[in-house]
>>> print(open('start20.csv').read())   # CSV, C-alpha atoms and all ligand atoms
chain,number,residue,atom,x,y,z
Y,838,VAL,CA,-13.8,-2.1,-20.2
Y,839,GLY,CA,-13.2,-5.2,-18.2
Y,840,GLU,CA,-11.3,-8.4,-19.1
Y,841,HIS,CA,-14.4,-9.8,-20.8
Y,842,GLY,CA,-15.3,-6.8,-22.8
Y,843,THR,CA,-17.9,-5.6,-20.4
Y,844,ASN,CA,-18.2,-2.7,-18.0
Y,845,LEU,CA,-20.1,-4.8,-15.5
Y,846,LYS,CA,-19.1,-4.3,-11.9
Y,847,ARG,CA,-19.8,-7.5,-10.1
Y,848,VAL,CA,-19.9,-7.8,-6.3
Y,849,LEU,CA,-20.7,-10.7,-4.0
Y,850,PHE,CA,-21.9,-10.0,-0.4
Y,851,VAL,CA,-21.7,-12.7,2.2
Y,852,ASP,CA,-23.2,-12.7,5.7
Y,853,ASP,CA,-24.7,-15.6,7.7
Y,854,ASP,CA,-27.1,-13.2,9.5
Y,855,ARG,CA,-30.2,-13.1,7.3
Y,856,ASN,CA,-31.3,-9.8,8.7
Y,857,ALA,CA,-27.9,-8.3,8.1
Y,858,LEU,CA,-27.9,-9.6,4.5
Y,859,GLU,CA,-31.4,-8.1,3.9
Y,860,ALA,CA,-30.1,-4.8,5.3
Y,861,LEU,CA,-27.1,-5.0,2.9
Y,862,LYS,CA,-29.5,-5.6,0.0
Y,863,ARG,CA,-31.5,-2.6,0.8
Y,864,THR,CA,-28.4,-0.4,1.3
Y,865,MET,CA,-26.9,-1.4,-2.0
Y,866,GLU,CA,-30.1,-1.4,-4.1
Y,867,PRO,CA,-29.6,2.2,-5.3
Y,868,ARG,CA,-26.3,1.1,-7.0
Y,869,THR,CA,-28.0,-0.1,-10.2
Y,870,GLU,CA,-24.8,0.0,-12.1
Y,871,TRP,CA,-23.5,-2.9,-10.0
Y,872,GLN,CA,-24.4,-6.5,-10.5
Y,873,MET,CA,-24.9,-7.9,-7.0
Y,874,ALA,CA,-25.2,-11.3,-5.5
Y,875,PHE,CA,-25.9,-12.2,-1.9
Y,876,SER,CA,-25.0,-15.4,0.0
Y,877,ALA,CA,-25.8,-16.5,3.5
Y,878,SER,CA,-23.0,-19.1,3.7
Y,879,GLY,CA,-19.5,-19.9,2.7
Y,880,PRO,CA,-20.4,-22.9,0.5
Y,881,GLU,CA,-23.1,-21.0,-1.2
Y,882,ALA,CA,-20.7,-18.2,-1.9
Y,883,LEU,CA,-18.2,-20.6,-3.4
Y,884,THR,CA,-20.8,-22.1,-5.7
Y,885,LYS,CA,-21.7,-18.6,-6.9
Y,886,LEU,CA,-18.1,-17.9,-7.5
Y,887,GLU,CA,-17.8,-21.1,-9.6
Y,888,GLN,CA,-20.9,-20.2,-11.6
Y,889,SER,CA,-20.0,-16.6,-12.5
Y,890,GLU,CA,-17.3,-14.1,-12.3
Y,891,PHE,CA,-17.0,-11.4,-9.6
Y,892,ASP,CA,-14.7,-8.4,-9.1
Y,893,VAL,CA,-15.2,-7.8,-5.4
Y,894,ILE,CA,-16.2,-9.9,-2.4
Y,895,VAL,CA,-17.5,-8.3,0.8
Y,896,THR,CA,-17.8,-10.9,3.6
Y,897,GLN,CA,-18.5,-10.9,7.3
Y,898,ILE,CA,-15.7,-12.5,9.2
Y,899,GLY,CA,-15.4,-13.5,12.9
Y,900,THR,CA,-18.8,-15.2,13.2
Y,901,PRO,CA,-18.1,-18.9,13.9
Y,902,GLY,CA,-20.9,-20.2,11.6
Y,903,LEU,CA,-19.8,-18.5,8.5
Y,904,ARG,CA,-16.0,-19.2,8.5
Y,905,GLY,CA,-15.5,-16.0,6.6
Y,906,SER,CA,-11.7,-16.1,7.0
Y,907,GLU,CA,-11.6,-19.6,5.3
Y,908,LEU,CA,-13.8,-18.1,2.5
Y,909,LEU,CA,-11.3,-15.3,2.1
Y,910,ASN,CA,-8.4,-17.7,1.9
Y,911,GLU,CA,-10.2,-19.7,-0.7
Y,912,VAL,CA,-10.8,-16.6,-2.7
Y,913,LEU,CA,-7.2,-15.6,-2.4
Y,914,ARG,CA,-6.1,-19.0,-3.6
Y,915,ASN,CA,-8.6,-19.5,-6.4
Y,916,TYR,CA,-9.7,-16.0,-7.5
Y,917,PRO,CA,-6.6,-14.0,-6.6
Y,918,ASN,CA,-7.5,-10.9,-8.6
Y,919,MET,CA,-10.7,-10.2,-6.8
Y,920,VAL,CA,-10.8,-7.4,-4.3
Y,921,ARG,CA,-11.4,-8.8,-0.8
Y,922,ILE,CA,-13.2,-6.7,1.8
Y,923,ALA,CA,-13.9,-8.0,5.3
Y,924,LEU,CA,-16.7,-6.9,7.6
Y,925,CYS,CA,-16.1,-7.4,11.3
Y,926,ASP,CA,-17.4,-6.4,14.7
Y,927,THR,CA,-14.0,-5.8,16.2
Y,928,LEU,CA,-10.4,-5.9,15.1
Y,929,ALA,CA,-9.1,-7.1,18.4
Y,930,ASP,CA,-9.6,-10.9,18.1
Y,931,ASP,CA,-6.7,-13.0,16.8
Y,932,LEU,CA,-8.8,-14.8,14.2
Y,933,VAL,CA,-10.2,-11.6,12.9
Y,934,LEU,CA,-6.8,-10.1,12.7
Y,935,ARG,CA,-5.6,-13.1,10.7
Y,936,SER,CA,-8.4,-12.7,8.2
Y,937,ALA,CA,-8.0,-9.0,8.2
Y,938,SER,CA,-4.6,-9.6,6.9
Y,939,THR,CA,-6.0,-11.7,4.0
Y,940,ALA,CA,-8.5,-9.0,3.2
Y,941,HIS,CA,-7.4,-6.0,1.3
Y,942,GLN,CA,-9.6,-3.9,3.5
Y,943,SER,CA,-11.6,-4.5,6.6
Y,944,LEU,CA,-14.5,-2.4,7.7
Y,945,VAL,CA,-15.4,-2.4,11.4
Y,946,LYS,CA,-19.1,-2.4,12.3
Y,947,PRO,CA,-21.3,-0.5,12.9
Y,948,LEU,CA,-21.2,0.5,9.3
Y,949,ASP,CA,-23.1,3.2,7.5
Y,950,ALA,CA,-24.3,2.8,4.0
Y,951,ALA,CA,-22.2,5.5,2.6
Y,952,THR,CA,-18.9,4.0,3.9
Y,953,LEU,CA,-19.7,0.6,2.4
Y,954,GLN,CA,-20.8,2.1,-0.9
Y,955,THR,CA,-17.7,4.3,-1.1
Y,956,THR,CA,-15.4,1.4,-0.2
Y,957,VAL,CA,-16.9,-0.9,-2.9
Y,958,SER,CA,-16.9,1.8,-5.6
Y,959,ARG,CA,-13.3,2.7,-4.8
Y,960,ALA,CA,-12.4,-1.0,-5.1
Y,961,PHE,CA,-13.9,-0.9,-8.6
Y,962,GLN,CA,-12.0,2.3,-9.5
Y,963,VAL,CA,-8.7,0.9,-8.2
Y,964,ARG,CA,-9.1,-2.2,-10.4
Y,965,GLU,CA,-8.9,0.0,-13.4
Y,966,MET,CA,-5.7,1.7,-12.4
Y,967,LEU,CA,-3.4,-1.1,-13.5
Y,968,ALA,CA,-3.9,-2.3,-17.1
Y,969,SER,CA,-2.1,-5.6,-16.9
Y,970,PRO,CA,-4.3,-8.4,-15.6
Y,971,ARG,CA,-1.1,-10.3,-14.6
Y,972,LEU,CA,0.2,-7.4,-12.5
Y,973,ARG,CA,-3.2,-6.9,-10.9
Y,974,THR,CA,-3.3,-10.6,-9.8
Y,975,LEU,CA,0.3,-10.4,-8.6
Y,976,VAL,CA,-0.3,-7.4,-6.4
Y,977,SER,CA,-3.7,-8.6,-5.3
Y,978,GLN,CA,-2.1,-11.8,-4.0
Y,979,MET,CA,0.3,-10.0,-1.7
Y,980,THR,CA,-0.9,-10.1,1.8
Y,981,SER,CA,2.2,-8.7,3.4
Y,982,LEU,CA,5.6,-7.2,2.4
Y,983,PRO,CA,8.9,-8.5,3.7
Y,984,SER,CA,10.9,-6.4,6.2
Y,985,LEU,CA,14.5,-5.6,6.7
Y,986,PRO,CA,15.8,-8.6,8.8
Y,987,SER,CA,17.4,-6.3,11.4
Y,988,VAL,CA,14.2,-4.3,11.9
Y,989,HIS,CA,12.1,-7.4,12.0
Y,990,MET,CA,14.4,-8.8,14.7
Y,991,LYS,CA,14.2,-5.5,16.6
Y,992,LEU,CA,10.4,-5.7,16.5
Y,993,VAL,CA,10.3,-9.3,17.8
Y,994,GLU,CA,12.8,-8.6,20.6
Y,995,SER,CA,11.0,-5.4,21.6
Y,996,LEU,CA,7.7,-7.3,22.0
Y,997,ASN,CA,9.3,-9.3,24.8
Y,998,ASN,CA,9.7,-6.1,26.8
Y,999,PRO,CA,6.7,-5.7,29.1
Y,1000,ASP,CA,7.3,-1.9,29.4
Y,1001,LEU,CA,7.2,-1.4,25.6
Y,1002,SER,CA,5.2,1.7,24.7
Y,1003,SER,CA,3.2,2.2,21.5
Y,1004,ARG,CA,5.5,5.1,20.8
Y,1005,ASP,CA,8.6,2.9,20.8
Y,1006,LEU,CA,6.7,0.5,18.5
Y,1007,GLY,CA,5.9,3.3,16.1
Y,1008,ASP,CA,9.6,4.3,16.0
Y,1009,ILE,CA,10.5,0.7,15.0
Y,1010,ILE,CA,7.8,0.4,12.4
Y,1011,ALA,CA,8.8,3.7,10.8
Y,1012,GLN,CA,12.2,2.2,10.0
Y,1013,ASP,CA,10.7,-0.3,7.6
Y,1014,VAL,CA,8.7,0.1,4.4
Y,1015,GLY,CA,6.8,-3.2,4.5
Y,1016,MET,CA,5.8,-2.8,8.2
Y,1017,THR,CA,4.7,0.7,7.7
Y,1018,ALA,CA,2.5,-0.2,4.7
Y,1019,LYS,CA,0.9,-3.1,6.6
Y,1020,THR,CA,0.3,-1.2,9.8
Y,1021,LEU,CA,-1.3,1.6,8.0
Y,1022,GLN,CA,-3.5,-0.8,6.0
Y,1023,ILE,CA,-4.9,-2.2,9.3
Y,1024,ALA,CA,-5.1,1.0,11.2
Y,1025,ASN,CA,-7.0,2.7,8.3
Y,1026,SER,CA,-9.4,-0.2,8.1
Y,1027,ALA,CA,-10.5,0.4,11.6
Y,1028,PHE,CA,-10.7,4.1,11.2
Y,1029,PHE,CA,-12.6,4.2,8.0
Y,1030,GLY,CA,-16.0,4.9,9.5
Y,1031,LEU,CA,-14.6,7.8,11.5
Y,1032,TYR,CA,-13.9,9.8,8.4
Y,1033,ARG,CA,-10.3,10.3,9.2
Y,1034,TYR,CA,-7.2,8.6,8.1
Y,1035,VAL,CA,-4.2,7.4,10.0
Y,1036,ALA,CA,-1.2,8.7,8.0
Y,1037,SER,CA,1.8,7.9,10.1
Y,1038,PRO,CA,3.3,4.8,11.6
Y,1039,ALA,CA,3.4,6.6,15.0
Y,1040,GLU,CA,-0.3,7.3,14.9
Y,1041,ALA,CA,-1.1,3.8,13.7
Y,1042,ALA,CA,0.9,2.2,16.6
Y,1043,VAL,CA,-0.9,4.3,19.1
Y,1044,TYR,CA,-4.3,3.5,17.6
Y,1045,LEU,CA,-3.7,-0.2,17.2
Y,1046,GLY,CA,-1.8,-0.5,20.5
Y,1047,VAL,CA,0.9,-2.9,21.6
Y,1048,ASP,CA,-1.3,-6.0,22.0
Y,1049,ILE,CA,-2.7,-5.9,18.5
Y,1050,ILE,CA,0.7,-5.4,17.0
Y,1051,ARG,CA,2.1,-8.2,19.1
Y,1052,ALA,CA,-0.7,-10.5,17.8
Y,1053,LEU,CA,0.0,-9.4,14.3
Y,1054,THR,CA,3.7,-10.1,14.6
Y,1055,LEU,CA,3.7,-13.3,16.5
Y,1056,SER,CA,0.6,-15.2,15.4
Y,1057,THR,CA,-0.4,-13.9,12.0
Y,1058,GLY,CA,3.0,-13.7,10.4
Y,1059,VAL,CA,2.1,-10.6,8.5
Y,1060,PHE,CA,5.5,-9.2,9.4
Y,1061,SER,CA,8.3,-11.3,8.0
Y,1062,ALA,CA,12.0,-10.9,7.3
Y,1063,PHE,CA,13.1,-10.5,3.7
Y,1064,GLN,CA,14.8,-13.5,2.4
Y,1065,GLN,CA,14.9,-13.5,-1.3
Y,1066,ALA,CA,17.4,-15.6,-3.1
Y,1067,GLY,CA,18.9,-14.2,-6.2
Y,1068,LEU,CA,18.8,-10.5,-5.3
Y,1069,PRO,CA,22.0,-8.7,-4.2
Y,1070,ASP,CA,22.4,-8.8,-0.4
Y,1071,PHE,CA,22.6,-5.1,-0.1
Y,1072,PHE,CA,19.3,-4.6,-2.1
Y,1073,ILE,CA,16.8,-4.5,0.8
Y,1074,GLY,CA,19.0,-2.5,3.1
Y,1075,LYS,CA,19.7,0.0,0.5
Y,1076,LEU,CA,16.0,0.3,-0.4
Y,1077,GLN,CA,15.1,0.9,3.2
Y,1078,ARG,CA,17.8,3.5,3.8
Y,1079,HIS,CA,16.9,5.3,0.5
Y,1080,SER,CA,13.2,5.3,1.5
Y,1081,THR,CA,13.6,6.5,5.1
Y,1082,ILE,CA,15.9,9.4,4.1
Y,1083,THR,CA,13.7,10.3,1.2
Y,1084,GLY,CA,10.8,10.6,3.6
Y,1085,LEU,CA,12.7,12.8,6.0
Y,1086,MET,CA,14.1,15.0,3.2
Y,1087,SER,CA,10.7,15.5,1.5
Y,1088,SER,CA,9.0,16.5,4.7
Y,1089,ASP,CA,11.9,19.0,5.3
Y,1090,ILE,CA,11.3,20.5,1.9
Y,1091,ALA,CA,7.6,20.7,2.5
Y,1092,LYS,CA,8.1,22.4,5.8
Y,1093,GLN,CA,10.5,24.9,4.2
Y,1094,GLU,CA,7.9,25.7,1.7
Y,1095,ALA,CA,5.4,26.3,4.6
Y,1096,LEU,CA,3.0,23.6,3.2
Y,1097,PRO,CA,0.2,22.6,5.5
Y,1098,LYS,CA,1.1,20.1,8.2
Y,1099,ARG,CA,-1.1,17.5,6.6
Y,1100,ILE,CA,1.1,17.6,3.4
Y,1101,CYS,CA,4.3,17.5,5.4
Y,1102,ASP,CA,3.0,14.3,7.1
Y,1103,THR,CA,2.0,12.9,3.7
Y,1104,CYS,CA,5.6,13.6,2.6
Y,1105,LEU,CA,7.1,11.7,5.5
Y,1106,VAL,CA,5.1,8.6,5.0
Y,1107,GLY,CA,4.8,8.9,1.2
Y,1108,GLY,CA,8.5,9.3,1.0
Y,1109,LEU,CA,9.1,6.3,3.1
Y,1110,LEU,CA,6.7,4.3,0.8
Y,1111,HIS,CA,7.5,5.9,-2.5
Y,1112,ASP,CA,9.5,2.9,-3.9
Y,1113,VAL,CA,7.3,0.2,-2.3
Y,1114,GLY,CA,6.8,-1.0,-5.9
Y,1115,HIS,CA,10.4,-2.2,-6.0
Y,1116,LEU,CA,9.7,-4.3,-2.9
Y,1117,VAL,CA,6.6,-5.8,-4.5
Y,1118,LEU,CA,8.6,-6.7,-7.7
Y,1119,ALA,CA,11.7,-7.9,-5.8
Y,1120,SER,CA,9.7,-10.2,-3.6
Y,1121,SER,CA,7.2,-11.5,-6.1
Y,1122,CYS,CA,9.1,-11.9,-9.3
Y,1123,PRO,CA,12.8,-11.7,-8.3
Y,1124,GLU,CA,14.2,-13.2,-11.5
Y,1125,GLU,CA,12.6,-10.7,-13.9
Y,1126,TYR,CA,13.3,-7.9,-11.4
Y,1127,ASN,CA,16.9,-8.8,-11.4
Y,1128,GLU,CA,17.0,-8.8,-15.1
Y,1129,VAL,CA,15.5,-5.3,-15.1
Y,1130,LEU,CA,18.2,-4.1,-12.6
Y,1131,ALA,CA,21.0,-5.6,-14.7
Y,1132,ALA,CA,19.7,-4.2,-18.0
Y,1133,THR,CA,19.0,-0.7,-16.8
Y,1134,GLY,CA,21.5,1.8,-17.9
Y,1135,LYS,CA,22.9,-0.3,-20.7
Y,1136,ASP,CA,22.6,1.2,-24.1
Y,1137,GLY,CA,20.9,4.3,-22.5
Y,1138,VAL,CA,17.8,2.3,-21.6
Y,1139,SER,CA,16.1,3.9,-18.5
Y,1140,ARG,CA,14.8,1.8,-15.7
Y,1141,HIS,CA,11.3,3.1,-16.5
Y,1142,GLU,CA,11.5,1.8,-20.0
Y,1143,MET,CA,12.8,-1.5,-18.8
Y,1144,GLU,CA,10.0,-1.8,-16.2
Y,1145,GLN,CA,7.4,-0.9,-18.7
Y,1146,LYS,CA,8.7,-3.4,-21.2
Y,1147,THR,CA,9.1,-6.2,-18.7
Y,1148,PHE,CA,6.1,-5.7,-16.4
Y,1149,GLY,CA,3.8,-3.4,-18.4
Y,1150,ALA,CA,3.9,-0.7,-15.7
Y,1151,THR,CA,6.5,1.1,-13.6
Y,1152,HIS,CA,7.4,0.6,-9.9
Y,1153,ALA,CA,5.6,3.8,-9.1
Y,1154,GLU,CA,2.3,2.6,-10.5
Y,1155,ILE,CA,2.7,-0.9,-9.1
Y,1156,GLY,CA,3.4,0.5,-5.6
Y,1157,ALA,CA,0.5,3.0,-5.7
Y,1158,TYR,CA,-1.8,0.2,-6.8
Y,1159,LEU,CA,-0.9,-1.9,-3.8
Y,1160,LEU,CA,-1.4,1.0,-1.4
Y,1161,TRP,CA,-4.8,1.9,-3.1
Y,1162,LEU,CA,-5.9,-1.7,-2.8
Y,1163,TRP,CA,-4.9,-1.7,0.9
Y,1164,GLY,CA,-7.0,1.4,1.5
Y,1165,LEU,CA,-4.2,3.8,2.4
Y,1166,PRO,CA,-5.1,7.5,2.3
Y,1167,ASP,CA,-5.4,8.9,-1.3
Y,1168,ALA,CA,-2.9,11.6,-0.7
Y,1169,VAL,CA,-0.2,9.0,0.1
Y,1170,CYS,CA,-1.2,6.8,-2.9
Y,1171,ASN,CA,-1.1,9.8,-5.3
Y,1172,ALA,CA,2.3,10.9,-4.0
Y,1173,VAL,CA,3.7,7.4,-4.6
Y,1174,ALA,CA,2.0,7.1,-8.1
Y,1175,PHE,CA,3.5,10.4,-9.3
Y,1176,HIS,CA,6.9,10.6,-7.6
Y,1177,HIS,CA,8.7,10.3,-11.0
Y,1178,LYS,CA,6.3,12.6,-12.9
Y,1179,PRO,CA,5.0,15.2,-10.3
Y,1180,ALA,CA,3.8,17.5,-13.1
Y,1181,GLU,CA,1.1,14.9,-13.9
Y,1182,CYS,CA,-0.1,15.2,-10.3
Y,1183,SER,CA,-0.3,19.0,-10.4
Y,1184,ALA,CA,1.7,21.3,-12.7
Y,1185,THR,CA,0.5,24.4,-10.9
Y,1186,VAL,CA,0.8,23.5,-7.2
Y,1187,PHE,CA,3.8,22.1,-5.4
Y,1188,THR,CA,2.5,18.8,-3.9
Y,1189,ALA,CA,3.8,16.0,-1.8
Y,1190,ALA,CA,4.6,14.2,-5.0
Y,1191,GLY,CA,6.8,17.1,-6.0
Y,1192,ALA,CA,8.6,17.3,-2.7
Y,1193,ILE,CA,9.2,13.5,-2.8
Y,1194,HIS,CA,10.4,13.7,-6.3
Y,1195,VAL,CA,13.1,16.3,-5.4
Y,1196,ALA,CA,14.0,14.4,-2.2
Y,1197,ASP,CA,14.4,11.2,-4.1
Y,1198,ALA,CA,17.0,12.8,-6.4
Y,1199,PHE,CA,18.8,14.4,-3.4
Y,1200,GLU,CA,19.1,11.1,-1.7
Y,1201,HIS,CA,21.0,9.7,-4.7
Y,1202,GLU,CA,23.3,12.7,-4.9
Y,1203,LEU,CA,24.1,12.3,-1.2
Y,1204,ALA,CA,24.5,8.6,-1.2
Y,1205,ASN,CA,26.7,9.3,-4.2
Y,1206,SER,CA,25.2,6.2,-5.7
Y,1207,SER,CA,25.8,5.1,-9.2
Y,1208,ASP,CA,23.3,2.3,-8.6
Y,1209,SER,CA,20.8,2.4,-11.3
Y,1210,ALA,CA,18.0,0.8,-9.4
Y,1211,PHE,CA,16.8,3.8,-7.6
Y,1212,HIS,CA,18.4,6.5,-9.7
Y,1213,SER,CA,16.5,9.7,-10.5
Y,1214,VAL,CA,17.1,13.3,-11.4
Y,1215,VAL,CA,15.1,16.4,-10.7
Y,1216,ASP,CA,12.6,17.5,-13.3
Y,1217,MET,CA,13.8,21.1,-13.8
Y,1218,LYS,CA,11.1,22.0,-16.3
Y,1219,TYR,CA,8.5,21.1,-13.6
Y,1220,LEU,CA,10.3,23.3,-11.0
Y,1221,ASN,CA,10.7,26.1,-13.4
Y,1222,GLU,CA,7.0,26.1,-14.2
Y,1223,LEU,CA,6.2,26.3,-10.6
Y,1224,GLY,CA,8.8,29.1,-10.1
Y,1225,LEU,CA,10.6,27.0,-7.6
Y,1226,ALA,CA,13.8,26.3,-9.4
Y,1227,ASP,CA,15.8,28.8,-7.4
Y,1228,HIS,CA,14.7,27.2,-4.2
Y,1229,LEU,CA,16.7,24.1,-5.1
Y,1230,PRO,CA,20.1,25.2,-3.5
Y,1231,ALA,CA,18.5,26.0,-0.2
Y,1232,TRP,CA,16.6,22.7,-0.2
Y,1233,ARG,CA,19.8,20.8,-1.0
Y,1234,ARG,CA,21.6,22.5,1.9
Y,1235,LEU,CA,18.7,21.7,4.2
Y,1236,CYS,CA,18.6,18.1,3.2
Y,1237,SER,CA,22.3,17.5,3.3
Y,1238,ARG,CA,22.1,16.9,7.1
Y,1239,HIS,CA,20.6,13.5,6.4
Y,1240,GLY,CA,23.5,12.5,4.3
Y,1241,ASP,CA,25.7,10.8,7.0
Y,1242,ARG,CA,22.8,8.4,7.9
Y,1243,GLY,CA,23.8,6.5,4.8
Y,1244,GLU,CA,27.1,5.4,6.2
Y,1245,GLN,CA,25.9,2.5,8.4
Y,1246,PRO,CA,26.2,-0.9,6.8
B,1301,FE,FE,11.1,5.6,-7.6
B,1302,FE,FE,13.4,6.4,-5.0
>>> encode(input="start20.csv", output="structure tokens")
Amino acid sequence: VGEHGTNLKRVLFVDDDRNALEALKRTMEPRTEWQMAFSASGPEALTKLEQSEFDVIVTQIGTPGLRGSELLNEVLRNYPNMVRIALCDTLADDLVLRSASTAHQSLVKPLDAATLQTTVSRAFQVREMLASPRLRTLVSQMTSLPSLPSVHMKLVESLNNPDLSSRDLGDIIAQDVGMTAKTLQIANSAFFGLYRYVASPAEAAVYLGVDIIRALTLSTGVFSAFQQAGLPDFFIGKLQRHSTITGLMSSDIAKQEALPKRICDTCLVGGLLHDVGHLVLASSCPEEYNEVLAATGKDGVSRHEMEQKTFGATHAEIGAYLLWLWGLPDAVCNAVAFHHKPAECSATVFTAAGAIHVADAFEHELANSSDSAFHSVVDMKYLNELGLADHLPAWRRLCSRHGDRGEQP
């Protein structure tokens, strides 16, 4: 049930090419459960938005007549909780890249009906995953995530090097939660129609290439250094270190359990992104987030309880919501959503969520951190039920080699 007591799913399609718009109508007609409107120009679309409410907008960008990127900016400003999907002919152009960073997802033409229908219905599903309208708006407004200042500097410097390879770039991006999420968002947009997903920063860098990443960094400002007044200085560095090591450890555990390569890869990137919800909260509502940090642990109140009480959801759900909205692979989003309660993901099969859950706790043990922000403990009931509890000592030994990485400032 939506915010207005209805189950209506309302989507607005915008394209200045009349034939394309007609084709869209025909393609979407079978979806009788959707309420659809079609506009051939930006001003017409804005009038429709003023007259009635929509959940999703799908607009062509990159054609000079339509000014689709301005339309998307307008939607971001005035209707921030709508899901924004861009259609474009290529991702290479600077202008397109800029609007592609305002859109939650971008689909590259030629486009088949199934891809578009799947993308739009997934957008409707995603909107229901976070109950709080305030949180939905807050996450939907995020067009980028801040990066660790030292990694951001490294990225900018490396882009001056004419011999820079996409492999080097992938290595730099993989050191940062925000850059990884954003790069995967864009790479997966472009890949959508090919029925495969880009699941690692290394693959994303190779696919997008040095030039697109340079344009993204220098002209669109989608990568920026974290500068948040009010949060402890060490916060972002600690989050990044915790995230990187959790990714490495969880993929080690998955490999040790001989899980398929696909799951090991999901662990690496899911582990890196598992606490992205902390980054969302810290950068978009630092005061409340700080209060949650300060209050956690007092009088036996857990961080989850505090998050639930303050925001109406936990960092795991908030992070997964962002990644879902950004079109990251489902496997990665699920691992993030369930990293604190892996049994709810699957109580019978050891999944990426399970491996990340264990790695998360190991990282705390190794960092010997009493810091309440990222604290977590292994769910032994879950491991017992899977018959994996006795694997724990071997996993711990295996993962201990990542421990000394935590020593750098
Ligand atoms: Fe967490
Ligand atoms: Fe964590």
>>> closest_atom_pairs(input="start20.csv", of="range 895-915 of chain Y", to="range 946-963 of chain Y", cutoff="12 Å", atoms="all atoms listed in the file", output="JSON lines")
{"residue": "Y:Val895", "atom": "CA", "partner": "Y:Val957", "partner_atom": "CA", "distance": 8.3}
{"residue": "Y:Thr896", "atom": "CA", "partner": "Y:Leu953", "partner_atom": "CA", "distance": 11.7}
{"residue": "Y:Gln897", "atom": "CA", "partner": "Y:Lys946", "partner_atom": "CA", "distance": 9.9}
{"residue": "Y:Ile898", "atom": "CA", "partner": "Y:Lys946", "partner_atom": "CA", "distance": 11.1}
{"residue": "Y:Gly899", "atom": "CA", "partner": "Y:Lys946", "partner_atom": "CA", "distance": 11.7}
>>> residues_near_point(input="start20.csv", point="(12.5, -7.5, 10.4)", cutoff="12 Å", atoms="only C-alpha atoms", output="ChimeraX atom specification")
/Y:982-995,1009-1017,1054,1058-1064,1073-1074,1077
>>> write_last_selection(input="start20.csv", atoms="C-alpha atoms", output="PDB file, in the coordinates of the input")
ATOM      1  CA  LEU Y 982       5.600  -7.200   2.400  1.00  0.00           C
ATOM      2  CA  PRO Y 983       8.900  -8.500   3.700  1.00  0.00           C
ATOM      3  CA  SER Y 984      10.900  -6.400   6.200  1.00  0.00           C
ATOM      4  CA  LEU Y 985      14.500  -5.600   6.700  1.00  0.00           C
ATOM      5  CA  PRO Y 986      15.800  -8.600   8.800  1.00  0.00           C
ATOM      6  CA  SER Y 987      17.400  -6.300  11.400  1.00  0.00           C
ATOM      7  CA  VAL Y 988      14.200  -4.300  11.900  1.00  0.00           C
ATOM      8  CA  HIS Y 989      12.100  -7.400  12.000  1.00  0.00           C
ATOM      9  CA  MET Y 990      14.400  -8.800  14.700  1.00  0.00           C
ATOM     10  CA  LYS Y 991      14.200  -5.500  16.600  1.00  0.00           C
ATOM     11  CA  LEU Y 992      10.400  -5.700  16.500  1.00  0.00           C
ATOM     12  CA  VAL Y 993      10.300  -9.300  17.800  1.00  0.00           C
ATOM     13  CA  GLU Y 994      12.800  -8.600  20.600  1.00  0.00           C
ATOM     14  CA  SER Y 995      11.000  -5.400  21.600  1.00  0.00           C
ATOM     15  CA  ILE Y1009      10.500   0.700  15.000  1.00  0.00           C
ATOM     16  CA  ILE Y1010       7.800   0.400  12.400  1.00  0.00           C
ATOM     17  CA  ALA Y1011       8.800   3.700  10.800  1.00  0.00           C
ATOM     18  CA  GLN Y1012      12.200   2.200  10.000  1.00  0.00           C
ATOM     19  CA  ASP Y1013      10.700  -0.300   7.600  1.00  0.00           C
ATOM     20  CA  VAL Y1014       8.700   0.100   4.400  1.00  0.00           C
ATOM     21  CA  GLY Y1015       6.800  -3.200   4.500  1.00  0.00           C
ATOM     22  CA  MET Y1016       5.800  -2.800   8.200  1.00  0.00           C
ATOM     23  CA  THR Y1017       4.700   0.700   7.700  1.00  0.00           C
ATOM     24  CA  THR Y1054       3.700 -10.100  14.600  1.00  0.00           C
ATOM     25  CA  GLY Y1058       3.000 -13.700  10.400  1.00  0.00           C
ATOM     26  CA  VAL Y1059       2.100 -10.600   8.500  1.00  0.00           C
ATOM     27  CA  PHE Y1060       5.500  -9.200   9.400  1.00  0.00           C
ATOM     28  CA  SER Y1061       8.300 -11.300   8.000  1.00  0.00           C
ATOM     29  CA  ALA Y1062      12.000 -10.900   7.300  1.00  0.00           C
ATOM     30  CA  PHE Y1063      13.100 -10.500   3.700  1.00  0.00           C
ATOM     31  CA  GLN Y1064      14.800 -13.500   2.400  1.00  0.00           C
ATOM     32  CA  ILE Y1073      16.800  -4.500   0.800  1.00  0.00           C
ATOM     33  CA  GLY Y1074      19.000  -2.500   3.100  1.00  0.00           C
ATOM     34  CA  GLN Y1077      15.100   0.900   3.200  1.00  0.00           C
TER      35      GLN Y1077
END
>>> residues_near_ligand(input="start20.csv", ligand="ligand FE 1301 (chain B)", cutoff="9 Å", atoms="all atoms listed in the file", output="CSV table (one decimal) with C-alpha atoms, in the frame of the given file")
chain,number,residue,atom,x,y,z
Y,1111,HIS,CA,7.5,5.9,-2.5
Y,1112,ASP,CA,9.5,2.9,-3.9
Y,1113,VAL,CA,7.3,0.2,-2.3
Y,1114,GLY,CA,6.8,-1.0,-5.9
Y,1115,HIS,CA,10.4,-2.2,-6.0
Y,1151,THR,CA,6.5,1.1,-13.6
Y,1152,HIS,CA,7.4,0.6,-9.9
Y,1153,ALA,CA,5.6,3.8,-9.1
Y,1173,VAL,CA,3.7,7.4,-4.6
Y,1176,HIS,CA,6.9,10.6,-7.6
Y,1177,HIS,CA,8.7,10.3,-11.0
Y,1194,HIS,CA,10.4,13.7,-6.3
Y,1197,ASP,CA,14.4,11.2,-4.1
Y,1210,ALA,CA,18.0,0.8,-9.4
Y,1211,PHE,CA,16.8,3.8,-7.6
Y,1212,HIS,CA,18.4,6.5,-9.7
Y,1213,SER,CA,16.5,9.7,-10.5
